[in-house]
Amino acid sequence: MREVFQQSLREVQDRLVEIAGLVEGAITDATTAFGDSDVSLAEKVIDGAEEIEEMVAMLDELAIDILARQQPVASDLRLVVGALRMSASLERMADLSQHIAQLARYRYPESAIPRGLKKTFARMGALDVEMANKIVELLRTQEAGVIDEVRNLDDDLDELHAKVFEKVLSDKLASDPTGVVDATLASRYHERFGDHAVSVAKQMQFFLSGSID
């Protein structure tokens, strides 16, 4: 029974890594589609959302089954409970990737990025992709040092998010209401993606140390 239990825990970890890898691919494609006005790539992200949702549902079922049948304690319990919380954040990260892709699709063949903000959104997209990569690394290696790297990247992302709002409130961009809406939504999606990545990192910290601070 103990061997079966440990195998189930390994499966939880493996599924988390697999889902995180799909999220990394989704945000990579979404930010590329957004920056390049690539409608085909945007459609790929949108169509792929269902697969991630299904995998999250399967992981949640496994975690709940472990809780009901095995009654884990200590670090095992933290892993299973944390997996439920992390899967929810990963699913939300996939949703936000889809939202970014939808903006690209809605504005095609025009760009959803207002003039003067292309470099800013390119950098925000790069930060989101890097954070997603770090989450995959964290879930795979369980290296505590990666947690601080995720948080530092999120700080950089928050600064860019604030700069976008400064830009959309400027007189030059205020004359383009569609651009203001697009920029505001896109910036919020990028920023929230980072927030959920930090949430995953915090749950992993809780698993590793028993503390979430």
# chains A, B, ... in the order shown; residues from 1 in each chain; ligands from 1
>>> closest_atom_pairs(of="range 47-137 of chain A", to="range 20-29 of chain A", cutoff="6 Å", atoms="only C-alpha atoms", output="Markdown table")
| residue | atom | partner | partner_atom | distance |
| --- | --- | --- | --- | --- |
| A:Ala94 | CA | A:Val23 | CA | 5.4 |
| A:Ser97 | CA | A:Ile27 | CA | 5.0 |
| A:Val129 | CA | A:Thr28 | CA | 5.7 |
| A:Ala132 | CA | A:Glu24 | CA | 5.0 |
| A:Val136 | CA | A:Ala20 | CA | 5.5 |
>>> write_last_selection(atoms="C-alpha atoms", output="compact mmCIF listing (two decimals), in the first residue's frame")
# COMPACT_ATOMS: atom_id res chain seq x y z
CA ALA A 94 -3.92 29.05 -19.29
CA SER A 97 -2.99 33.05 -22.20
CA VAL A 129 7.21 33.29 -20.67
CA ALA A 132 6.20 30.06 -16.87
CA VAL A 136 8.10 24.28 -14.81
>>> closest_residue(among="A:Asp155, A:Glu110, A:Asp95, A:Glu166", to="Gly48 in chain A", atoms="only C-alpha atoms")
A:Asp95
>>> closest_residue(among="A:Val180, A:Val150, A:Ala186, A:Ile113", to="Glu137 in chain A", atoms="only C-alpha atoms")
A:Val150
>>> residues_around(residues="Val39 in chain A", least_positions_apart="6", cutoff="10 Å", atoms="only C-alpha atoms", output="MDAnalysis selection string")
chainID A and resid 30 33 45 101:109
